[in-house]
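Enquirer: This is run.txt, which holds compact mmCIF, C-alpha atoms:
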```txt
# COMPACT_ATOMS: atom_id res chain seq x y z
CA MET U 1 15.20 -27.02 -0.82
CA ASP U 2 17.38 -24.50 1.02
CA SER U 3 16.32 -23.92 4.65
CA GLN U 4 16.23 -20.13 4.13
CA VAL U 5 13.89 -20.57 1.19
CA LEU U 6 11.63 -22.81 3.31
CA VAL U 7 11.51 -20.19 6.07
CA ALA U 8 10.69 -17.46 3.54
CA LEU U 9 8.03 -19.70 1.97
CA GLY U 10 6.42 -20.30 5.35
CA LEU U 11 6.43 -16.60 6.22
CA SER U 12 4.94 -15.64 2.86
CA LEU U 13 2.19 -18.25 3.36
CA LEU U 14 1.40 -16.59 6.70
CA GLY U 15 0.98 -13.25 4.95
CA GLY U 16 -0.74 -14.56 1.83
CA LEU U 17 -3.26 -16.82 3.52
CA SER U 18 -4.51 -13.96 5.70
CA THR U 19 -6.70 -13.12 2.69
CA SER U 20 -8.49 -16.36 3.63
CA LEU U 21 -9.20 -14.86 7.05
CA GLY U 22 -10.85 -11.88 5.35
CA ALA U 23 -12.87 -14.26 3.19
CA LEU U 24 -13.91 -16.18 6.30
CA PHE U 25 -15.61 -13.05 7.65
CA VAL U 26 -17.71 -12.98 4.47
CA VAL U 27 -18.46 -16.71 4.56
CA ILE U 28 -19.75 -16.77 8.14
CA SER U 29 -21.86 -13.62 7.76
CA GLN U 30 -25.26 -13.28 6.14
CA ALA U 31 -25.67 -12.54 2.43
CA PRO U 32 -24.74 -8.88 1.73
CA ASN U 33 -27.26 -6.27 0.65
CA LEU U 34 -26.65 -4.19 -2.46
CA LYS U 35 -25.70 -1.02 -0.57
CA MET U 36 -23.00 -2.84 1.41
CA LEU U 37 -21.78 -4.46 -1.78
CA GLY U 38 -21.50 -1.04 -3.45
CA LEU U 39 -19.57 0.39 -0.50
CA LEU U 40 -17.15 -2.53 -0.58
CA GLN U 41 -16.73 -2.15 -4.32
CA GLY U 42 -15.81 1.49 -3.69
CA PHE U 43 -13.37 0.41 -0.98
CA ALA U 44 -11.83 -2.20 -3.31
CA ALA U 45 -11.59 0.44 -6.07
CA GLY U 46 -9.68 2.65 -3.63
CA LEU U 47 -7.29 -0.21 -2.85
CA MET U 48 -6.72 -0.80 -6.56
CA LEU U 49 -6.18 2.89 -7.42
CA SER U 50 -3.76 3.30 -4.53
CA ILE U 51 -1.80 0.24 -5.65
CA SER U 52 -1.78 1.49 -9.25
CA PHE U 53 -0.73 5.09 -8.68
CA PHE U 54 1.11 5.16 -5.35
CA ASP U 55 2.86 1.79 -5.62
CA LEU U 56 3.38 0.37 -9.13
CA ALA U 57 3.41 3.57 -11.23
CA HIS U 58 5.27 5.52 -8.52
CA ASN U 59 8.02 2.89 -8.26
CA ALA U 60 8.33 2.68 -12.06
CA ILE U 61 8.76 6.47 -12.37
CA ASN U 62 11.32 6.55 -9.55
CA SER U 63 13.26 3.60 -10.98
CA ILE U 64 13.33 4.27 -14.73
CA GLY U 65 12.47 7.97 -14.96
CA PHE U 66 9.35 10.09 -15.42
CA LEU U 67 9.04 9.70 -19.19
CA LYS U 68 9.67 5.94 -19.39
CA GLY U 69 7.54 5.24 -16.34
CA ASN U 70 4.59 7.14 -17.84
CA LEU U 71 5.04 5.49 -21.22
CA TRP U 72 4.88 2.04 -19.65
CA PHE U 73 1.88 3.04 -17.50
CA PHE U 74 -0.16 4.40 -20.42
CA ALA U 75 0.89 1.46 -22.57
CA GLY U 76 -0.92 -0.71 -20.02
CA VAL U 77 -3.97 1.59 -20.14
CA ILE U 78 -4.11 1.55 -23.95
CA PHE U 79 -3.54 -2.18 -24.12
CA PHE U 80 -6.47 -3.02 -21.88
CA ALA U 81 -8.71 -0.36 -23.38
CA PHE U 82 -8.05 -2.04 -26.74
CA VAL U 83 -8.78 -5.48 -25.31
CA SER U 84 -12.01 -4.36 -23.62
CA ASN U 85 -13.23 -2.92 -26.94
CA PHE U 86 -13.25 -6.39 -28.46
CA ILE U 87 -14.46 -8.23 -25.35
CA PRO U 88 -17.28 -6.06 -23.98
CA GLU U 89 -18.62 -7.00 -20.58
CA PRO U 90 -22.34 -7.22 -19.78
CA THR U 91 -23.97 -3.81 -19.40
CA LEU U 92 -25.15 -3.00 -15.91
CA ALA U 93 -28.73 -1.76 -15.66
CA PRO U 94 -29.44 0.78 -12.88
CA ILE U 95 -31.02 -0.66 -9.76
CA SER U 96 -33.96 1.72 -9.96
CA SER U 97 -34.87 0.57 -13.45
CA ALA U 98 -34.33 -3.02 -12.41
CA LYS U 99 -36.96 -2.62 -9.72
CA GLY U 100 -39.37 -0.97 -12.13
CA LYS U 101 -38.98 -3.59 -14.80
CA LYS U 102 -39.82 -6.40 -12.39
CA LYS U 103 -43.44 -5.36 -12.77
CA ASP U 104 -43.31 -6.37 -16.43
CA GLY U 105 -42.70 -9.96 -15.50
CA ASP U 106 -40.58 -12.23 -13.34
CA ASP U 107 -38.54 -13.49 -16.30
CA ARG U 108 -37.32 -10.02 -17.22
CA GLY U 109 -36.47 -9.32 -13.60
CA LYS U 110 -34.44 -12.52 -13.45
CA ASP U 111 -32.54 -11.52 -16.60
CA ILE U 112 -31.64 -8.16 -15.06
CA MET U 113 -30.46 -9.85 -11.86
CA LYS U 114 -28.29 -12.20 -13.92
CA LYS U 115 -26.64 -9.20 -15.56
CA HIS U 116 -26.04 -7.68 -12.13
CA ARG U 117 -24.50 -10.88 -10.87
CA ARG U 118 -22.24 -11.28 -13.93
CA GLN U 119 -21.01 -7.71 -13.57
CA VAL U 120 -20.36 -8.15 -9.84
CA LEU U 121 -18.53 -11.44 -10.47
CA PHE U 122 -16.32 -9.76 -13.08
CA SER U 123 -15.45 -6.96 -10.66
CA GLY U 124 -14.58 -9.55 -7.99
CA ILE U 125 -12.26 -11.31 -10.43
CA ILE U 126 -10.66 -7.96 -11.32
CA THR U 127 -10.02 -7.32 -7.64
CA ALA U 128 -8.53 -10.79 -7.16
CA VAL U 129 -6.16 -10.36 -10.13
CA GLY U 130 -5.12 -6.89 -9.02
CA ILE U 131 -4.46 -7.99 -5.45
CA SER U 132 -2.54 -11.04 -6.71
CA LEU U 133 -0.27 -8.79 -8.77
CA HIS U 134 0.18 -6.56 -5.74
CA ASN U 135 0.93 -9.52 -3.46
CA PHE U 136 3.53 -10.97 -5.82
CA PRO U 137 6.29 -8.40 -5.04
CA GLU U 138 5.33 -8.59 -1.36
CA GLY U 139 6.35 -12.27 -1.47
CA MET U 140 9.66 -11.21 -2.99
CA ALA U 141 10.11 -8.66 -0.20
CA VAL U 142 9.42 -11.32 2.48
CA PHE U 143 12.02 -13.58 0.86
CA LEU U 144 14.66 -10.84 0.76
CA GLY U 145 13.80 -9.76 4.30
CA SER U 146 14.10 -13.30 5.65
CA MET U 147 17.52 -13.58 3.99
CA LYS U 148 18.60 -10.72 6.27
CA GLY U 149 17.27 -12.48 9.36
CA LEU U 150 14.24 -14.25 10.80
CA ARG U 151 13.16 -11.22 12.84
CA VAL U 152 13.05 -8.96 9.78
CA GLY U 153 11.15 -11.53 7.72
CA LEU U 154 8.67 -12.28 10.52
CA ASN U 155 7.94 -8.59 11.18
CA LEU U 156 7.36 -7.99 7.49
CA ALA U 157 5.15 -11.09 7.10
CA LEU U 158 2.98 -10.03 10.08
CA ALA U 159 2.58 -6.51 8.71
CA ILE U 160 1.57 -7.91 5.31
CA ALA U 161 -0.84 -10.36 6.95
CA LEU U 162 -2.68 -7.53 8.73
CA HIS U 163 -3.12 -5.49 5.59
CA ASN U 164 -4.20 -8.53 3.53
CA ILE U 165 -7.29 -9.27 5.66
CA PRO U 166 -9.50 -6.51 4.15
CA GLU U 167 -8.19 -7.45 0.71
CA GLY U 168 -9.65 -10.92 1.25
CA VAL U 169 -13.00 -9.33 2.13
CA ALA U 170 -12.83 -7.15 -1.00
CA VAL U 171 -12.39 -10.25 -3.18
CA ALA U 172 -14.80 -12.62 -1.43
CA LEU U 173 -17.85 -10.40 -0.99
CA PRO U 174 -18.62 -9.67 -4.67
CA VAL U 175 -17.90 -13.29 -5.63
CA TYR U 176 -20.24 -14.54 -2.91
CA PHE U 177 -22.96 -12.12 -4.01
CA ALA U 178 -22.63 -13.13 -7.67
CA THR U 179 -22.32 -16.91 -7.27
CA GLN U 180 -24.16 -17.48 -3.96
CA SER U 181 -21.33 -19.92 -3.23
CA LYS U 182 -19.35 -19.47 -0.04
CA TRP U 183 -16.79 -21.98 -1.29
CA GLN U 184 -16.15 -20.07 -4.54
CA ALA U 185 -15.74 -16.80 -2.61
CA PHE U 186 -13.34 -18.39 -0.12
CA LYS U 187 -11.39 -20.17 -2.87
CA LEU U 188 -10.83 -17.09 -5.05
CA ALA U 189 -9.75 -14.95 -2.09
CA THR U 190 -7.33 -17.67 -0.97
CA LEU U 191 -5.87 -18.03 -4.47
CA SER U 192 -5.24 -14.26 -4.66
CA GLY U 193 -3.12 -14.54 -1.50
CA LEU U 194 -1.08 -17.47 -2.86
CA ALA U 195 0.69 -15.01 -5.17
CA GLU U 196 2.98 -14.22 -2.21
CA PRO U 197 4.60 -17.67 -1.86
CA LEU U 198 4.72 -17.77 -5.66
CA GLY U 199 6.78 -14.58 -5.49
CA VAL U 200 9.20 -16.33 -3.14
CA ILE U 201 9.59 -19.28 -5.51
CA ILE U 202 10.08 -17.03 -8.54
CA VAL U 203 12.71 -14.80 -6.94
CA ALA U 204 14.53 -17.77 -5.43
CA TYR U 205 14.68 -20.04 -8.47
CA LEU U 206 13.30 -18.73 -11.74
CA PHE U 207 14.44 -15.14 -12.21
CA PRO U 208 17.85 -15.04 -13.88
CA SER U 209 20.47 -12.97 -12.10
CA SER U 210 20.90 -10.97 -15.32
CA LEU U 211 17.21 -9.91 -15.46
CA ASN U 212 17.04 -6.30 -16.59
CA PRO U 213 15.50 -4.38 -13.63
CA GLU U 214 14.36 -1.59 -15.99
CA ILE U 215 12.15 -4.02 -17.91
CA LEU U 216 10.75 -5.47 -14.69
CA GLU U 217 9.88 -2.02 -13.33
CA GLY U 218 8.39 -1.03 -16.67
CA LEU U 219 6.18 -4.11 -16.78
CA LEU U 220 4.98 -3.45 -13.23
CA GLY U 221 4.18 0.14 -14.28
CA ALA U 222 2.15 -1.23 -17.20
CA VAL U 223 0.31 -3.51 -14.77
CA GLY U 224 -0.53 -0.36 -12.80
CA GLY U 225 -2.06 1.13 -15.95
CA VAL U 226 -4.13 -1.99 -16.58
CA MET U 227 -5.41 -1.97 -12.99
CA ALA U 228 -6.27 1.74 -13.12
CA PHE U 229 -8.28 1.28 -16.32
CA LEU U 230 -10.12 -1.75 -14.95
CA THR U 231 -10.96 0.08 -11.73
CA LEU U 232 -12.31 3.23 -13.41
CA HIS U 233 -14.07 1.38 -16.22
CA GLU U 234 -15.64 -1.50 -14.30
CA MET U 235 -15.57 -1.15 -10.53
CA LEU U 236 -16.46 2.51 -9.96
CA PRO U 237 -19.68 2.45 -12.06
CA LEU U 238 -20.79 -0.59 -10.07
CA ALA U 239 -20.05 1.15 -6.75
CA PHE U 240 -21.94 4.29 -7.87
CA ASP U 241 -24.94 2.26 -8.95
CA TYR U 242 -25.25 0.20 -5.78
CA ALA U 243 -24.16 2.62 -3.03
CA GLY U 244 -24.84 6.02 -4.61
CA GLN U 245 -22.21 8.44 -5.84
CA LYS U 246 -21.52 10.26 -2.56
CA ARG U 247 -21.17 7.12 -0.44
CA ALA U 248 -19.14 5.35 -3.11
CA VAL U 249 -16.67 8.24 -3.43
CA LYS U 250 -16.16 8.24 0.35
CA ALA U 251 -15.54 4.49 0.25
CA VAL U 252 -12.99 4.97 -2.56
CA PHE U 253 -10.99 7.50 -0.56
CA PHE U 254 -11.24 5.34 2.55
CA GLY U 255 -9.81 2.42 0.56
CA MET U 256 -7.01 4.62 -0.81
CA ALA U 257 -6.18 5.93 2.67
CA PHE U 258 -6.18 2.42 4.12
CA MET U 259 -3.85 1.07 1.44
CA SER U 260 -1.53 4.10 1.68
CA ALA U 261 -1.31 3.71 5.47
CA SER U 262 -0.64 -0.03 5.21
CA LEU U 263 2.06 0.55 2.57
CA TYR U 264 3.65 3.13 4.88
CA PHE U 265 3.84 0.68 7.77
CA LEU U 266 5.12 -2.05 5.44
CA GLU U 267 7.91 0.25 4.24
CA ARG U 268 8.86 0.95 7.85
CA SER U 269 9.09 -2.80 8.49
CA LEU U 270 11.67 -3.17 5.70
CA PRO U 271 15.43 -2.72 6.12
CA ALA U 272 16.79 0.62 4.92
CA ASP U 273 18.11 -0.81 1.62
CA MET U 274 14.86 -2.53 0.63
CA SER U 275 11.50 -1.26 -0.58
CA LEU U 276 8.22 -2.76 -1.73
```
Any chance you could give the structure as structure tokens?
Expert:
Amino acid sequence: MDSQVLVALGLSLLGGLSTSLGALFVVISQAPNLKMLGLLQGFAAGLMLSISFFDLAHNAINSIGFLKGNLWFFAGVIFFAFVSNFIPEPTLAPISSAKGKKKDGDDRGKDIMKKHRRQVLFSGIITAVGISLHNFPEGMAVFLGSMKGLRVGLNLALAIALHNIPEGVAVALPVYFATQSKWQAFKLATLSGLAEPLGVIIVAYLFPSSLNPEILEGLLGAVGGVMAFLTLHEMLPLAFDYAGQKRAVKAVFFGMAFMSASLYFLERSLPADMSL
């Protein structure tokens, strides 16, 4: 394997595995309460919406034009709306009614808690997939940056590592709540970060030099549409239910602001002729 590819792979592992550090904070802490879980779901929803609109859809529109970029984005929305119609997820019962129904019997209360846990687990998986898709082009950027020099690649990898820590928390906490398994939470968060070294391998070996960049940007725009639909359809209702609407909305905007700020500093770490 080429030495430059090995360096890029090592740097991308540094950035990607920082999601494990975020997961470690969850693993060593006590089990989360529902309000904290709802706030983190709101924060994760903000991360996802920021990635969808300000990163993937924005880049698609800038690269292939307003009309084509929007068509690809809404194609992703329609595609996953169609899929979710045929594969409905468990319905989430409100917490207040869950508490009331416990009086009718322990078995019914356990059934409601199972539904809560399944819904939370699904939202954690959504977050992991979304963050993996977001981390994939970051791995490509680390590879291209390291080709320009070790200093550029190292600066970029460190910046990515810092902004990946809360992403690891956002993945691990709902998985830990739903499964009660610290190992499962740590494992899923770590796997979401491994998309970065995968991005290095793909860009170095598997993408043909003749790959149409318009198709690539369009597909990433469609991924943004899928992520936006998943966030609004699955994650926000969960955040509202657990944390309350006002707190959840604040957490969403905090997540969006955090991701926007981290993307800004990542862009500043890149050479002038590169962008995430």
Enquirer: One decimal, in Å: what's the spacing between CA of Ser123 in chain U and CA of Ala57 in chain U?
Expert: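 So the two atoms, CA of Ser123 in chain U and CA of Ala57 in chain U, lie 21.6 Å apart.
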Enquirer: Could you give me, as a list in words, the residues within 6 Å of range 10-12 of chain U, counting all atoms listed in the file and dropping anything in the same chain fewer than 6 positions from it?
Expert: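 So the residues in contact are Gly139, Ala157, Glu196 and Pro197 of chain U.
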Enquirer: So how far away is CA of Ala248 in chain U from CA of Ala45 in chain U, in Å?
Expert: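 If I compute the distance from CA of Ala45 in chain U to CA of Ala248 in chain U, I get 9.5 Å.
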Enquirer: Nearest residue to Leu39 in chain U out of U:Ile201, U:Met227, U:Leu188, U:Ala170, using all atoms listed in the file?
Expert: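 Of the candidates, the smallest distance to Leu39 in chain U is held by U:Ala170.
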Enquirer: Which residues are near Ile125 in chain U? Cut-off 10 Å, only C-alpha atoms, ignore same chain within fewer than 4 positions. Put them as a VMD selection string.
Expert: chain U and resid 119 to 121 129 to 131 171 to 172 174 to 175 188 to 189 192
Enquirer: Just to confirm, what's the straight-line distance from CA of Ser260 in chain U to CA of Gly46 in chain U in Å (one decimal)?
Expert: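 One can read the CA of Ser260 in chain U to CA of Gly46 in chain U distance as 9.8 Å.
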Enquirer: If you count all atoms listed in the file, which residues fall within 10 Å of range 62-73 of chain U, apart from same-chain ones fewer than 3 positions away, as a short mmCIF file (atom, residue, chain, number, x, y, z; two decimals) with C-alpha atoms, keeping the file's coordinate frame?
Expert:
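Listed below is the output, part_34.cif:
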```cif
data_model
loop_
_atom_site.label_atom_id
_atom_site.label_comp_id
_atom_site.auth_asym_id
_atom_site.auth_seq_id
_atom_site.Cartn_x
_atom_site.Cartn_y
_atom_site.Cartn_z
CA SER U 52 -1.78 1.49 -9.25
CA PHE U 53 -0.73 5.09 -8.68
CA LEU U 56 3.38 0.37 -9.13
CA ALA U 57 3.41 3.57 -11.23
CA HIS U 58 5.27 5.52 -8.52
CA ASN U 59 8.02 2.89 -8.26
CA GLY U 76 -0.92 -0.71 -20.02
CA VAL U 77 -3.97 1.59 -20.14
CA ILE U 78 -4.11 1.55 -23.95
CA PRO U 213 15.50 -4.38 -13.63
CA GLU U 214 14.36 -1.59 -15.99
CA ILE U 215 12.15 -4.02 -17.91
CA GLU U 217 9.88 -2.02 -13.33
CA GLY U 218 8.39 -1.03 -16.67
CA LEU U 219 6.18 -4.11 -16.78
CA LEU U 220 4.98 -3.45 -13.23
CA GLY U 221 4.18 0.14 -14.28
CA ALA U 222 2.15 -1.23 -17.20
CA VAL U 223 0.31 -3.51 -14.77
CA GLY U 224 -0.53 -0.36 -12.80
CA GLY U 225 -2.06 1.13 -15.95
CA VAL U 226 -4.13 -1.99 -16.58
CA MET U 227 -5.41 -1.97 -12.99
CA ALA U 228 -6.27 1.74 -13.12
#
```
Enquirer: I want to know what sits within 9 Å of range 16-27 of chain U, based on all atoms listed in the file, with residues of the same chain fewer than 6 positions away left out; could you give that as a PDB file with C-alpha atoms, in the frame of the given file?
Expert:
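Okay, this is what ended up in result-v4.pdb:
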```
ATOM      1  CA  ASN U 135       0.930  -9.520  -3.460  1.00  0.00           C
ATOM      2  CA  GLY U 139       6.350 -12.270  -1.470  1.00  0.00           C
ATOM      3  CA  ALA U 157       5.150 -11.090   7.100  1.00  0.00           C
ATOM      4  CA  ILE U 160       1.570  -7.910   5.310  1.00  0.00           C
ATOM      5  CA  ALA U 161      -0.840 -10.360   6.950  1.00  0.00           C
ATOM      6  CA  LEU U 162      -2.680  -7.530   8.730  1.00  0.00           C
ATOM      7  CA  HIS U 163      -3.120  -5.490   5.590  1.00  0.00           C
ATOM      8  CA  ASN U 164      -4.200  -8.530   3.530  1.00  0.00           C
ATOM      9  CA  ILE U 165      -7.290  -9.270   5.660  1.00  0.00           C
ATOM     10  CA  PRO U 166      -9.500  -6.510   4.150  1.00  0.00           C
ATOM     11  CA  GLU U 167      -8.190  -7.450   0.710  1.00  0.00           C
ATOM     12  CA  GLY U 168      -9.650 -10.920   1.250  1.00  0.00           C
ATOM     13  CA  VAL U 169     -13.000  -9.330   2.130  1.00  0.00           C
ATOM     14  CA  ALA U 170     -12.830  -7.150  -1.000  1.00  0.00           C
ATOM     15  CA  VAL U 171     -12.390 -10.250  -3.180  1.00  0.00           C
ATOM     16  CA  ALA U 172     -14.800 -12.620  -1.430  1.00  0.00           C
ATOM     17  CA  LEU U 173     -17.850 -10.400  -0.990  1.00  0.00           C
ATOM     18  CA  TYR U 176     -20.240 -14.540  -2.910  1.00  0.00           C
ATOM     19  CA  SER U 181     -21.330 -19.920  -3.230  1.00  0.00           C
ATOM     20  CA  LYS U 182     -19.350 -19.470  -0.040  1.00  0.00           C
ATOM     21  CA  TRP U 183     -16.790 -21.980  -1.290  1.00  0.00           C
ATOM     22  CA  ALA U 185     -15.740 -16.800  -2.610  1.00  0.00           C
ATOM     23  CA  PHE U 186     -13.340 -18.390  -0.120  1.00  0.00           C
ATOM     24  CA  LYS U 187     -11.390 -20.170  -2.870  1.00  0.00           C
ATOM     25  CA  LEU U 188     -10.830 -17.090  -5.050  1.00  0.00           C
ATOM     26  CA  ALA U 189      -9.750 -14.950  -2.090  1.00  0.00           C
ATOM     27  CA  THR U 190      -7.330 -17.670  -0.970  1.00  0.00           C
ATOM     28  CA  LEU U 191      -5.870 -18.030  -4.470  1.00  0.00           C
ATOM     29  CA  SER U 192      -5.240 -14.260  -4.660  1.00  0.00           C
ATOM     30  CA  GLY U 193      -3.120 -14.540  -1.500  1.00  0.00           C
ATOM     31  CA  LEU U 194      -1.080 -17.470  -2.860  1.00  0.00           C
ATOM     32  CA  ALA U 195       0.690 -15.010  -5.170  1.00  0.00           C
ATOM     33  CA  GLU U 196       2.980 -14.220  -2.210  1.00  0.00           C
ATOM     34  CA  PRO U 197       4.600 -17.670  -1.860  1.00  0.00           C
TER      35      PRO U 197
END
```
Enquirer: Identify which of the residues U:Leu133, U:Ala239, U:Arg118, U:Phe229 lies closest to Thr179 in chain U, counting only C-alpha atoms when measuring atom-to-atom distances.
Expert: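 Nearest to Thr179 in chain U: U:Arg118.
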Enquirer: Check the smallest atom-to-atom distance from each of U:Phe122, U:Val7, U:Pro237, U:Gln41 to Val252 in chain U using only C-alpha atoms, then report the winner.
Expert: U:Gln41
